[in-house]
>>> print(open('run.cif').read())   # mmCIF, C-alpha atoms and all ligand atoms
data_coords
#
loop_
_atom_site.label_atom_id
_atom_site.label_comp_id
_atom_site.auth_asym_id
_atom_site.auth_seq_id
_atom_site.Cartn_x
_atom_site.Cartn_y
_atom_site.Cartn_z
CA MET A 219 62.17 112.85 97.35
CA LEU A 220 60.00 110.02 98.66
CA ASN A 221 57.60 110.49 95.74
CA ALA A 222 60.49 110.39 93.32
CA ILE A 223 61.75 107.15 94.86
CA SER A 224 58.29 105.63 94.50
CA ASN A 225 58.22 106.57 90.80
CA VAL A 226 61.72 105.27 90.18
CA ALA A 227 60.82 101.96 91.88
CA LYS A 228 57.85 101.60 89.50
CA GLN A 229 60.04 102.34 86.49
CA PHE A 230 62.61 99.86 87.73
CA LEU A 231 60.01 97.10 88.00
CA GLU A 232 58.82 97.84 84.46
CA LYS A 233 62.29 97.88 82.92
CA THR A 234 63.35 94.69 84.65
CA GLU A 235 60.26 92.69 83.82
CA ASN A 236 62.05 90.65 81.14
CA LYS A 237 65.63 91.66 81.75
CA PRO A 238 68.28 90.53 84.21
CA ILE A 239 69.84 93.08 86.55
CA GLN A 240 73.46 93.91 87.29
CA VAL A 241 73.88 95.53 90.71
CA ILE A 242 77.14 97.38 91.35
CA SER A 243 77.95 98.75 94.78
CA HIS A 244 80.79 100.28 96.77
CA HIS A 245 83.05 98.27 99.08
CA ASP A 246 82.64 100.35 102.24
CA THR A 247 80.08 99.68 104.98
CA ASP A 248 77.48 101.91 103.36
CA GLY A 249 77.91 100.21 99.98
CA ILE A 250 77.80 96.71 101.48
CA THR A 251 74.65 97.41 103.51
CA SER A 252 73.08 98.96 100.37
CA ALA A 253 73.93 95.82 98.40
CA SER A 254 72.53 93.60 101.18
CA ILE A 255 69.20 95.44 101.20
CA ILE A 256 68.85 95.24 97.43
CA THR A 257 69.98 91.59 97.33
CA LYS A 258 67.24 90.61 99.77
CA ALA A 259 64.65 92.75 97.99
CA LEU A 260 65.44 91.28 94.55
CA GLN A 261 65.43 87.73 95.95
CA ARG A 262 61.99 88.38 97.38
CA LEU A 263 60.83 89.48 93.91
CA ASN A 264 62.42 86.40 92.30
CA LYS A 265 64.43 88.69 90.02
CA GLU A 266 67.41 87.44 88.08
CA PHE A 267 70.41 89.50 89.13
CA SER A 268 74.11 89.47 89.79
CA LEU A 269 76.12 91.65 92.15
CA ARG A 270 79.54 93.25 91.92
CA ILE A 271 81.30 95.09 94.73
CA VAL A 272 84.01 97.52 93.62
CA LYS A 273 86.58 99.70 95.36
CA GLN A 274 85.91 102.51 92.94
CA LEU A 275 84.21 103.05 89.61
CA ASP A 276 87.09 103.35 87.22
CA SER A 277 87.47 102.54 83.54
CA GLU A 278 88.31 98.90 84.45
CA VAL A 279 84.82 98.33 85.84
CA PHE A 280 83.22 99.64 82.66
CA LYS A 281 85.29 97.34 80.47
CA GLU A 282 83.42 94.38 81.98
CA MET A 283 79.92 95.80 81.87
CA PRO A 284 77.30 93.27 80.65
CA LYS A 285 75.49 94.43 77.52
CA ASP A 286 71.96 93.20 77.95
CA LYS A 287 71.20 93.95 81.58
CA VAL A 288 69.62 96.76 83.49
CA ILE A 289 72.34 98.31 85.66
CA LEU A 290 71.67 99.44 89.22
CA PHE A 291 74.45 101.42 90.89
CA LEU A 292 74.39 101.80 94.68
CA ASP A 293 76.36 104.30 96.79
CA LEU A 294 78.44 105.37 93.79
CA ALA A 295 78.27 106.56 90.15
CA SER A 296 77.14 110.19 90.65
CA ASN A 297 80.54 111.36 89.50
CA SER A 298 81.09 108.74 86.78
CA PHE A 299 78.72 109.99 84.09
CA GLN A 300 81.61 110.31 81.64
CA TYR A 301 81.67 106.49 81.50
CA ILE A 302 77.97 105.84 81.98
CA GLN A 303 76.85 108.01 79.06
CA ASP A 304 78.57 105.59 76.65
CA LEU A 305 76.63 102.57 77.91
CA LYS A 306 73.73 101.24 75.87
CA ASN A 307 72.08 99.90 79.05
CA GLN A 308 69.22 101.35 81.01
CA VAL A 309 70.89 102.64 84.20
CA PHE A 310 69.44 103.29 87.67
CA ILE A 311 71.47 105.03 90.38
CA LEU A 312 70.81 105.35 94.12
CA ASP A 313 73.65 107.51 95.42
CA HIS A 314 74.46 110.44 97.67
CA HIS A 315 77.80 111.63 96.28
CA GLU A 316 78.03 114.94 94.55
CA ILE A 317 76.90 115.13 90.94
CA ILE A 318 79.58 116.86 88.89
CA SER A 319 78.25 116.73 85.34
CA GLU A 320 75.01 116.64 83.40
CA ILE A 321 72.87 113.53 83.91
CA PRO A 322 72.97 111.36 80.74
CA GLY A 323 69.74 110.31 78.99
CA ASN A 324 70.04 106.62 79.87
CA VAL A 325 70.19 107.36 83.61
CA THR A 326 67.42 107.44 86.22
CA ILE A 327 68.90 108.69 89.46
CA ILE A 328 67.89 109.29 93.06
CA ASN A 329 70.38 111.55 94.81
CA PRO A 330 69.50 113.73 97.83
CA HIS A 331 71.58 116.59 96.36
CA LEU A 332 68.88 116.95 93.68
CA PHE A 333 66.21 117.49 96.32
CA HIS A 334 67.98 119.80 98.75
CA GLU A 335 66.85 117.67 101.64
CA GLU A 336 68.82 116.02 104.41
CA GLU A 337 71.81 113.88 103.52
CA ILE A 338 70.86 110.21 103.20
CA SER A 339 73.43 107.43 102.93
CA GLY A 340 73.44 104.92 100.07
CA ALA A 341 71.92 102.33 102.40
CA GLY A 342 69.18 104.78 103.42
CA LEU A 343 68.27 105.32 99.75
CA SER A 344 68.44 101.59 99.03
CA TYR A 345 66.14 100.95 101.95
CA LEU A 346 63.56 103.54 100.86
CA PHE A 347 63.70 102.09 97.36
CA ALA A 348 63.33 98.49 98.63
CA LYS A 349 60.38 99.52 100.77
CA GLU A 350 58.67 100.90 97.65
CA LEU A 351 59.30 97.60 95.87
CA ASP A 352 57.67 95.67 98.69
CA ASN A 353 56.57 96.78 102.13
CA GLN A 354 57.89 93.51 103.58
CA ASN A 355 61.38 95.00 103.20
CA THR A 356 60.69 97.20 106.22
CA ASP A 357 62.49 94.45 108.16
CA LEU A 358 65.75 95.59 106.48
CA ALA A 359 65.69 99.06 108.06
CA TYR A 360 68.46 98.12 110.51
CA LEU A 361 70.83 97.88 107.52
CA ALA A 362 70.04 101.46 106.56
CA VAL A 363 71.06 102.50 110.08
CA ILE A 364 74.33 100.55 109.91
CA GLY A 365 75.13 102.20 106.55
CA MET A 366 74.40 105.65 107.96
CA VAL A 367 76.70 105.09 110.93
CA GLY A 368 79.34 103.63 108.58
CA ASP A 369 79.33 106.87 106.58
CA MET A 370 79.26 108.94 109.81
CA LEU A 371 76.08 110.72 108.86
CA GLU A 372 74.50 110.26 112.29
CA LYS A 373 75.34 113.74 113.60
CA ASN A 374 72.47 115.57 111.91
CA LEU A 375 69.51 113.35 111.44
CA GLY A 376 66.57 114.78 109.54
CA LYS A 377 62.98 113.70 109.18
CA ILE A 378 63.58 110.90 106.68
CA TYR A 379 66.26 109.19 108.75
CA THR A 380 64.23 109.63 111.91
CA ASN A 381 61.51 107.59 110.23
CA ILE A 382 63.96 104.95 109.06
CA LEU A 383 65.18 104.67 112.66
CA LYS A 384 61.60 104.09 113.78
CA ASP A 385 61.20 101.29 111.21
CA SER A 386 64.47 99.73 112.34
CA LYS A 387 63.63 99.38 116.04
CA VAL A 388 67.22 100.44 116.73
CA VAL A 389 67.51 101.83 120.27
CA ILE A 390 69.43 105.08 120.71
CA LYS A 391 71.26 106.01 123.91
CA LYS A 392 73.33 109.13 124.51
CA GLY A 393 76.79 108.52 125.84
CA LEU A 394 80.38 107.68 125.12
CA THR A 395 80.76 106.55 121.51
CA LEU A 396 83.64 104.12 122.06
CA TYR A 397 82.59 100.71 120.85
CA PRO A 398 81.41 98.02 121.28
CA ALA A 399 79.30 99.69 123.95
CA THR A 400 77.85 96.29 124.83
CA ARG A 401 81.19 95.15 126.28
CA PRO A 402 82.73 95.84 129.72
CA ILE A 403 84.31 99.27 129.96
CA ASP A 404 87.76 97.93 130.92
CA LYS A 405 87.97 95.87 127.70
CA ILE A 406 86.86 98.83 125.60
CA LEU A 407 89.53 101.09 127.10
CA GLU A 408 92.19 98.45 126.67
CA TYR A 409 91.46 97.65 123.03
CA SER A 410 89.82 100.73 121.48
CA SER A 411 91.73 102.10 118.51
CA ASP A 412 89.76 105.36 118.58
CA ILE A 413 91.51 106.73 121.65
CA TYR A 414 95.04 106.52 122.90
CA ILE A 415 95.76 107.02 126.60
CA PRO A 416 99.43 106.57 127.56
CA ASN A 417 99.96 103.74 130.07
CA VAL A 418 96.29 102.77 129.79
CA SER A 419 95.63 101.75 126.17
CA GLY A 420 96.77 98.18 125.65
CA SER A 421 97.47 97.59 129.36
CA SER A 422 94.94 95.84 131.57
CA ALA A 423 96.80 96.91 134.74
CA GLY A 424 96.84 100.48 133.46
CA VAL A 425 93.11 100.33 132.74
CA ASN A 426 92.38 99.08 136.26
CA ALA A 427 94.39 101.91 137.83
CA PHE A 428 92.71 104.47 135.55
CA LEU A 429 89.20 103.29 136.44
CA ARG A 430 90.05 103.12 140.16
CA ASP A 431 91.38 106.70 140.09
CA ILE A 432 88.19 108.10 138.62
CA GLY A 433 86.00 106.00 140.92
CA VAL A 434 84.38 103.54 138.53
CA GLN A 435 83.90 100.41 140.64
CA ARG A 436 83.77 96.75 139.80
CA ILE A 437 80.63 94.84 140.75
CA ASN A 438 81.17 91.17 141.63
CA ASN A 439 84.67 91.53 140.29
CA LYS A 440 83.41 92.68 136.88
CA TYR A 441 83.15 96.09 135.29
CA LYS A 442 79.83 97.18 133.84
CA ASN A 443 79.22 97.36 130.12
CA LEU A 444 79.56 100.85 128.71
CA ILE A 445 75.79 101.15 128.19
CA GLU A 446 75.14 100.25 131.84
CA LEU A 447 77.26 103.07 133.29
CA ASN A 448 75.24 105.70 135.15
CA PRO A 449 75.40 109.36 134.04
CA GLU A 450 77.88 110.24 136.78
CA GLU A 451 80.28 107.47 135.80
CA THR A 452 79.93 108.36 132.13
CA SER A 453 80.76 112.00 132.73
CA LYS A 454 83.78 111.17 134.93
CA LEU A 455 85.03 108.85 132.23
CA ILE A 456 84.59 111.43 129.47
CA THR A 457 86.46 114.07 131.48
CA ALA A 458 89.35 111.71 132.25
CA ILE A 459 89.66 110.53 128.64
CA SER A 460 89.66 114.10 127.28
CA LEU A 461 92.37 115.09 129.74
CA GLN A 462 94.65 112.11 129.41
CA SER A 463 94.28 110.82 125.86
CA THR A 464 96.77 112.05 123.31
CA ASN A 465 94.34 112.18 120.41
CA ILE A 466 91.04 113.57 121.71
CA LYS A 467 91.04 117.36 121.61
CA ASP A 468 87.48 117.98 122.65
CA SER A 469 85.14 115.77 124.63
CA SER A 470 82.47 116.29 121.95
CA GLU A 471 84.51 113.92 119.76
CA ILE A 472 83.60 111.00 122.02
CA ILE A 473 80.05 111.96 123.01
CA GLY A 474 77.10 111.07 120.83
CA ASN A 475 74.42 108.55 120.06
CA ILE A 476 75.00 104.89 120.73
CA TYR A 477 72.92 102.76 118.36
CA LEU A 478 71.85 99.36 119.63
CA VAL A 479 70.36 96.77 117.34
CA ASN A 480 69.07 93.25 117.72
CA PHE A 481 71.47 91.29 115.51
CA PHE A 482 71.64 87.48 115.49
CA ASN A 483 69.26 87.66 118.48
CA LYS A 484 71.72 89.67 120.55
CA ILE A 485 71.89 93.36 121.33
CA GLU A 486 74.89 94.72 119.44
CA ASP A 487 76.51 98.10 118.92
CA VAL A 488 75.95 99.31 115.35
CA ARG A 489 79.49 100.81 115.25
CA GLN A 490 80.93 97.37 115.95
CA ILE A 491 78.88 95.75 113.18
CA SER A 492 79.94 98.51 110.82
CA ALA A 493 83.61 97.94 111.69
CA MET A 494 83.24 94.20 111.03
CA ILE A 495 81.58 94.77 107.67
CA ASN A 496 84.28 97.23 106.72
CA ALA A 497 87.06 94.83 107.74
CA CYS A 498 85.59 91.90 105.75
CA SER A 499 85.11 93.98 102.67
CA ARG A 500 88.55 95.56 102.78
CA LEU A 501 90.20 92.18 103.10
CA GLY A 502 88.42 91.07 99.93
CA GLU A 503 85.59 89.16 101.65
CA SER A 504 82.62 91.22 100.52
CA GLY A 505 80.50 88.06 100.15
CA THR A 506 81.01 87.30 103.83
CA ALA A 507 80.18 90.92 104.66
CA ILE A 508 76.85 90.68 102.82
CA SER A 509 75.97 87.34 104.42
CA LEU A 510 76.80 88.87 107.80
CA CYS A 511 74.45 91.79 107.06
CA LEU A 512 71.68 89.34 106.22
CA GLN A 513 72.36 87.48 109.50
CA ASN A 514 73.62 84.25 108.07
CA LYS A 515 75.01 82.22 111.01
CA LYS A 516 78.01 80.76 109.21
CA ALA A 517 79.07 84.20 108.05
CA LYS A 518 79.16 85.51 111.60
CA ALA A 519 81.95 83.23 112.78
CA LYS A 520 83.94 83.88 109.65
CA ALA A 521 83.44 87.65 109.89
CA GLU A 522 84.67 87.63 113.48
CA GLU A 523 87.79 85.81 112.42
CA ILE A 524 88.42 88.24 109.57
CA TYR A 525 87.86 91.21 111.87
CA THR A 526 90.49 89.95 114.30
CA HIS A 527 92.87 89.40 111.39
CA TYR A 528 92.17 92.90 110.07
CA ARG A 529 92.96 94.48 113.41
CA GLN A 530 96.20 92.52 113.55
CA ASN A 531 97.05 93.80 110.06
CA ILE A 532 96.64 97.35 111.27
CA VAL A 533 98.68 96.80 114.41
CA SER A 534 101.51 95.26 112.41
CA ALA A 535 101.34 97.99 109.76
CA LEU A 536 101.72 100.59 112.51
CA ALA A 537 104.64 98.63 113.97
CA ASP A 538 106.31 98.56 110.52
CA LEU A 539 106.07 102.31 110.06
CA PRO A 540 109.53 103.17 111.40
CA HIS A 541 111.10 100.90 108.78
CA LEU A 542 109.32 102.35 105.75
CA ARG A 543 110.76 104.90 103.32
CA LYS A 544 109.56 108.40 104.15
CA ILE A 545 109.90 111.93 102.94
CA GLU A 546 109.23 114.33 105.77
CA ASN A 547 109.55 117.99 106.58
CA LYS A 548 107.73 120.37 108.89
CA ASN A 549 104.63 120.58 106.71
CA TYR A 550 104.17 117.14 105.26
CA LEU A 551 104.92 113.46 105.66
CA ILE A 552 104.92 111.14 102.66
CA ILE A 553 105.06 107.43 103.50
CA LEU A 554 106.15 105.06 100.74
CA ALA A 555 104.81 101.73 101.98
CA GLU A 556 105.24 100.03 98.58
CA ASP A 557 103.96 96.46 99.08
CA LYS A 558 104.59 96.39 102.84
CA ILE A 559 101.11 97.69 103.70
CA LYS A 560 97.97 96.50 101.87
CA ASP A 561 96.35 99.16 99.68
CA THR A 562 93.02 98.33 101.34
CA ILE A 563 94.20 99.49 104.79
CA ILE A 564 96.54 102.31 103.78
CA GLY A 565 93.69 104.84 104.22
CA THR A 566 93.03 103.58 107.74
CA ILE A 567 96.71 103.94 108.58
CA ALA A 568 96.76 107.51 107.22
CA SER A 569 93.67 108.31 109.33
CA ILE A 570 95.18 106.86 112.50
CA LEU A 571 98.36 108.91 112.00
CA SER A 572 96.44 112.10 111.29
CA ASN A 573 94.46 111.63 114.51
CA SER A 574 97.49 111.17 116.73
CA LYS A 575 98.97 114.11 118.56
CA ASN A 576 102.44 113.25 117.26
CA TYR A 577 101.98 115.65 114.36
CA GLU A 578 101.26 119.33 114.29
CA GLU A 579 97.85 120.54 113.23
CA GLY A 580 97.66 121.29 109.52
CA LYS A 581 100.39 118.86 108.54
CA ALA A 582 99.63 116.76 105.46
CA ILE A 583 99.99 112.99 105.86
CA ILE A 584 100.22 111.17 102.55
CA ALA A 585 100.52 107.38 102.57
CA MET A 586 101.14 105.37 99.40
CA ALA A 587 100.88 101.62 98.82
CA HIS A 588 100.95 99.34 95.79
CA ASN A 589 97.78 97.49 94.82
CA GLU A 590 97.63 93.71 94.72
CA ARG A 591 98.34 93.45 91.01
CA GLY A 592 101.27 95.78 91.47
CA ASP A 593 100.30 98.03 88.56
CA LYS A 594 98.82 100.92 90.50
CA ILE A 595 99.49 102.97 93.61
CA LYS A 596 96.80 103.82 96.11
CA VAL A 597 97.39 107.21 97.70
CA SER A 598 95.62 108.28 100.89
CA ALA A 599 96.00 111.83 102.14
CA ARG A 600 94.85 113.38 105.40
CA ILE A 601 95.27 116.73 107.13
CA VAL A 602 96.13 116.57 110.83
CA GLY A 603 93.46 118.21 112.98
CA LYS A 604 91.22 118.68 109.92
CA ASN A 605 92.41 122.25 109.68
CA GLY A 606 94.52 123.77 106.96
CA LYS A 607 94.95 123.25 103.27
CA ASN A 608 92.53 121.51 100.94
CA ILE A 609 94.29 118.22 100.28
CA ARG A 610 91.84 117.12 97.62
CA GLU A 611 92.76 120.18 95.58
CA VAL A 612 96.44 119.41 96.02
CA LEU A 613 95.90 115.86 94.74
CA ASN A 614 93.73 117.17 91.91
CA SER A 615 96.46 119.51 90.75
CA VAL A 616 99.02 116.68 90.77
CA ILE A 617 96.71 114.24 88.97
CA GLU A 618 95.91 116.81 86.30
CA GLU A 619 99.52 116.51 85.22
CA VAL A 620 100.32 112.90 86.07
CA GLY A 621 96.97 111.26 85.26
CA GLY A 622 94.77 109.17 87.56
CA GLU A 623 91.55 109.46 89.55
CA VAL A 624 90.87 111.50 92.70
CA GLY A 625 88.12 111.09 95.29
CA GLY A 626 87.30 112.37 98.76
CA HIS A 627 87.07 115.80 100.30
CA LYS A 628 88.99 118.70 101.84
CA PHE A 629 90.79 116.95 104.69
CA ALA A 630 90.64 113.33 103.58
CA ALA A 631 91.18 112.40 99.96
CA GLY A 632 92.78 109.73 97.89
CA CYS A 633 93.81 108.87 94.39
CA LEU A 634 94.96 106.05 92.18
CA VAL A 635 98.09 106.45 90.08
CA GLU A 636 99.79 104.21 87.53
CA LYS A 637 102.77 102.50 89.15
CA GLU A 638 105.14 103.61 86.40
CA LYS A 639 104.26 107.23 87.24
CA GLU A 640 105.30 106.81 90.90
CA GLN A 641 108.41 109.00 90.87
CA GLN A 642 106.77 111.66 88.71
CA PHE A 643 103.83 111.70 91.13
CA ILE A 644 106.06 112.09 94.20
CA ASP A 645 108.09 114.90 92.62
CA MET A 646 104.98 116.75 91.54
CA LEU A 647 103.29 116.18 94.91
CA GLN A 648 106.22 117.68 96.81
CA LYS A 649 106.24 120.64 94.48
CA LYS A 650 102.50 121.28 94.87
CA LEU A 651 102.61 120.81 98.65
CA GLU A 652 105.38 123.38 98.91
CA ILE A 653 103.47 125.89 96.78
CA GLU A 654 100.39 125.33 98.93
CA MET A 655 102.44 125.97 102.06
CA VAL A 656 103.74 129.27 100.74
CA LYS A 657 100.18 130.41 99.98
CA ILE A 658 99.21 129.89 103.63
MN MN B 701 78.02 106.12 101.14
#
>>> encode(input="run.cif", output="structure tokens")
Amino acid sequence: MLNAISNVAKQFLEKTENKPIQVISHHDTDGITSASIITKALQRLNKEFSLRIVKQLDSEVFKEMPKDKVILFLDLASNSFQYIQDLKNQVFILDHHEIISEIPGNVTIINPHLFHEEEISGAGLSYLFAKELDNQNTDLAYLAVIGMVGDMLEKNLGKIYTNILKDSKVVIKKGLTLYPATRPIDKILEYSSDIYIPNVSGSSAGVNAFLRDIGVQRINNKYKNLIELNPEETSKLITAISLQSTNIKDSSEIIGNIYLVNFFNKIEDVRQISAMINACSRLGESGTAISLCLQNKKAKAKAEEIYTHYRQNIVSALADLPHLRKIENKNYLIILAEDKIKDTIIGTIASILSNSKNYEEGKAIIAMAHNERGDKIKVSARIVGKNGKNIREVLNSVIEEVGGEVGGHKFAAGCLVEKEKEQQFIDMLQKKLEIEMVKI
């Protein structure tokens, strides 16, 4: 694959010698870090280019495609050939999503699925590509690591990513994956949204009692940072969290690599940076997210503000849940948030619900919210406990009849439906969910 990337980089330089470039990337952390790497690389080459960040590649995006530019897609487009084949442009794609149809003639693509090698995130591919353009871009390797963690691909690292990690100078520690690991453990337990421990989460008195019970001591009246805990303290903490939290089923869910990077001249937890990028982008501030990635000082303060705001959005959305319209039975819960929850965080809300122990394993959680323009409905579906029916197939079967676009996988999928089809979609969804239940 590395040879192929080198060839594609050469072709790209040739084709863009006298032509401007349109870069199009995805709005999640992996897409934003991909876009940041390529932005820096193209600036270094003095190339003329513009950048667009999109939630998904739908027909709308293709309506506004510039005619006389070379198009470079990052972290998306492998399943959008039906649109791309009609373009007159020369198209380059660096993506790791599954290819579902024949590659059109105007497309040059790097996708790990074509090489049967390890899975590489969009940012990893963008980094390898940028490094071929100019070896100076090796200093962007940290962004490839942030993108990888953002896409949760860190569990099975292969040879290529191991080398990217070496380039990045990111330090890896084994331990508890709650973040930011660079902060005191009491603050992490109090504020983490990844675990819920009754009487501890959200309560500083509860946290103190919890830590005292398991024998983690304060030093000079302060708790250690998570990364400073010794192995004994870490293991006591992991045991206590697995026993008392209501959402962690197995301690392996909270054990893993902690990635530490030098960012704005401070050691930071990559998961925290990824969460900040994600928050900025989802609240419509992708420009800030990219500036943050490229370590622009002004962007940092703004990103921190947005991140706080984003977390407040989620907290208030969760607090609003009891007041929203719902359709619920033993096997599924459909939440009709309408315009009361932003479409950009509805997926996060569905994930949080599907990870709580309030619902039985195998239950389908489907959350629906209107988009900003009010013409479409974003649907996010999850399966509790990641065990049971294939929710992507369920959505597919509904969309086949109602119309729309589906993405995702077995236990976490989503789709976009025309607003006027809302009732038809809900009726059909209930019908399909019930059929699926009977099959099981
Ligand atoms: Mn990705």
>>> residues_near_ligand(input="run.cif", ligand="ligand MN 701 (chain B)", cutoff="10 Å", atoms="all atoms listed in the file", output="mmCIF file with C-alpha atoms, keeping the file's coordinate frame")
data_model
loop_
_atom_site.group_PDB
_atom_site.id
_atom_site.type_symbol
_atom_site.label_atom_id
_atom_site.label_comp_id
_atom_site.auth_asym_id
_atom_site.auth_seq_id
_atom_site.Cartn_x
_atom_site.Cartn_y
_atom_site.Cartn_z
ATOM 1 C CA SER A 243 77.950 98.750 94.780
ATOM 2 C CA HIS A 244 80.790 100.280 96.770
ATOM 3 C CA HIS A 245 83.050 98.270 99.080
ATOM 4 C CA ASP A 246 82.640 100.350 102.240
ATOM 5 C CA THR A 247 80.080 99.680 104.980
ATOM 6 C CA ASP A 248 77.480 101.910 103.360
ATOM 7 C CA GLY A 249 77.910 100.210 99.980
ATOM 8 C CA ILE A 250 77.800 96.710 101.480
ATOM 9 C CA THR A 251 74.650 97.410 103.510
ATOM 10 C CA SER A 252 73.080 98.960 100.370
ATOM 11 C CA LEU A 292 74.390 101.800 94.680
ATOM 12 C CA ASP A 293 76.360 104.300 96.790
ATOM 13 C CA LEU A 294 78.440 105.370 93.790
ATOM 14 C CA ASP A 313 73.650 107.510 95.420
ATOM 15 C CA HIS A 314 74.460 110.440 97.670
ATOM 16 C CA HIS A 315 77.800 111.630 96.280
ATOM 17 C CA ILE A 338 70.860 110.210 103.200
ATOM 18 C CA SER A 339 73.430 107.430 102.930
ATOM 19 C CA GLY A 340 73.440 104.920 100.070
ATOM 20 C CA ALA A 341 71.920 102.330 102.400
ATOM 21 C CA GLY A 342 69.180 104.780 103.420
ATOM 22 C CA LEU A 343 68.270 105.320 99.750
ATOM 23 C CA GLY A 365 75.130 102.200 106.550
ATOM 24 C CA MET A 366 74.400 105.650 107.960
ATOM 25 C CA VAL A 367 76.700 105.090 110.930
ATOM 26 C CA GLY A 368 79.340 103.630 108.580
ATOM 27 C CA ASP A 369 79.330 106.870 106.580
ATOM 28 C CA MET A 370 79.260 108.940 109.810
ATOM 29 C CA LEU A 371 76.080 110.720 108.860
#
>>> residues_around(input="run.cif", residues="Lys349 in chain A", least_positions_apart="2", cutoff="10 Å", atoms="all atoms listed in the file", output="list in words")
Ile223, Ser224, Ala227, Ile255, Ala259, Leu343, Ser344, Tyr345, Leu346, Phe347, Leu351, Asp352, Asn353, Gln354, Asn355, Thr356, Asp357, Leu358 and Ala359 of chain A
>>> write_last_selection(input="run.cif", atoms="C-alpha atoms", output="tab-separated table (two decimals), keeping the file's coordinate frame")
chain	number	residue	atom	x	y	z
A	223	ILE	CA	61.75	107.15	94.86
A	224	SER	CA	58.29	105.63	94.50
A	227	ALA	CA	60.82	101.96	91.88
A	255	ILE	CA	69.20	95.44	101.20
A	259	ALA	CA	64.65	92.75	97.99
A	343	LEU	CA	68.27	105.32	99.75
A	344	SER	CA	68.44	101.59	99.03
A	345	TYR	CA	66.14	100.95	101.95
A	346	LEU	CA	63.56	103.54	100.86
A	347	PHE	CA	63.70	102.09	97.36
A	351	LEU	CA	59.30	97.60	95.87
A	352	ASP	CA	57.67	95.67	98.69
A	353	ASN	CA	56.57	96.78	102.13
A	354	GLN	CA	57.89	93.51	103.58
A	355	ASN	CA	61.38	95.00	103.20
A	356	THR	CA	60.69	97.20	106.22
A	357	ASP	CA	62.49	94.45	108.16
A	358	LEU	CA	65.75	95.59	106.48
A	359	ALA	CA	65.69	99.06	108.06
>>> atom_distance(input="run.cif", atom1="CA of Leu651 in chain A", atom2="CA of Asp276 in chain A")
26.0 Å
>>> atom_distance(input="run.cif", atom1="CA of Lys258 in chain A", atom2="CA of Asp286 in chain A")
22.5 Å
>>> closest_residue(input="run.cif", among="A:Leu613, A:Ile403, A:Val533, A:Ala517", to="Asn443 in chain A", atoms="all atoms listed in the file")
A:Ile403
>>> atom_distance(input="run.cif", atom1="CA of Tyr525 in chain A", atom2="CA of Asn496 in chain A")
8.7 Å
>>> residues_around(input="run.cif", residues="range 583-600 of chain A", least_positions_apart="4", cutoff="10 Å", atoms="all atoms listed in the file", output="compact mmCIF listing (two decimals) with C-alpha atoms, in the frame of the given file")
# COMPACT_ATOMS: atom_id res chain seq x y z
CA LYS A 544 109.56 108.40 104.15
CA ILE A 545 109.90 111.93 102.94
CA GLU A 546 109.23 114.33 105.77
CA ASN A 549 104.63 120.58 106.71
CA TYR A 550 104.17 117.14 105.26
CA LEU A 551 104.92 113.46 105.66
CA ILE A 552 104.92 111.14 102.66
CA ILE A 553 105.06 107.43 103.50
CA LEU A 554 106.15 105.06 100.74
CA ALA A 555 104.81 101.73 101.98
CA GLU A 556 105.24 100.03 98.58
CA ASP A 557 103.96 96.46 99.08
CA LYS A 558 104.59 96.39 102.84
CA ILE A 559 101.11 97.69 103.70
CA LYS A 560 97.97 96.50 101.87
CA ASP A 561 96.35 99.16 99.68
CA THR A 562 93.02 98.33 101.34
CA ILE A 563 94.20 99.49 104.79
CA ILE A 564 96.54 102.31 103.78
CA GLY A 565 93.69 104.84 104.22
CA THR A 566 93.03 103.58 107.74
CA ILE A 567 96.71 103.94 108.58
CA ALA A 568 96.76 107.51 107.22
CA SER A 569 93.67 108.31 109.33
CA ILE A 570 95.18 106.86 112.50
CA LEU A 571 98.36 108.91 112.00
CA SER A 572 96.44 112.10 111.29
CA ASN A 573 94.46 111.63 114.51
CA TYR A 577 101.98 115.65 114.36
CA LYS A 604 91.22 118.68 109.92
CA ASN A 608 92.53 121.51 100.94
CA ILE A 609 94.29 118.22 100.28
CA ARG A 610 91.84 117.12 97.62
CA VAL A 612 96.44 119.41 96.02
CA LEU A 613 95.90 115.86 94.74
CA GLY A 622 94.77 109.17 87.56
CA VAL A 624 90.87 111.50 92.70
CA GLY A 625 88.12 111.09 95.29
CA GLY A 626 87.30 112.37 98.76
CA HIS A 627 87.07 115.80 100.30
CA LYS A 628 88.99 118.70 101.84
CA PHE A 629 90.79 116.95 104.69
CA ALA A 630 90.64 113.33 103.58
CA ALA A 631 91.18 112.40 99.96
CA GLY A 632 92.78 109.73 97.89
CA CYS A 633 93.81 108.87 94.39
CA LEU A 634 94.96 106.05 92.18
CA VAL A 635 98.09 106.45 90.08
CA GLU A 636 99.79 104.21 87.53
CA LYS A 637 102.77 102.50 89.15
CA GLU A 638 105.14 103.61 86.40
CA LYS A 639 104.26 107.23 87.24
CA GLU A 640 105.30 106.81 90.90
CA ILE A 644 106.06 112.09 94.20
CA LEU A 647 103.29 116.18 94.91
>>> closest_residue(input="run.cif", among="A:Ile311, A:Leu461, A:Leu478, A:Ile653", to="Asn329 in chain A", atoms="only C-alpha atoms")
A:Ile311
>>> closest_residue(input="run.cif", among="A:Phe267, A:Val272, A:Asn438, A:Tyr301", to="Arg500 in chain A", atoms="only C-alpha atoms")
A:Val272
>>> axis_aligned_box(input="run.cif", around="range 321-337 of chain A", padding_each_side="4 Å", output="JSON")
{"center_x": 69.6, "center_y": 113.2, "center_z": 91.7, "size_x": 14.8, "size_y": 21.2, "size_z": 33.4}
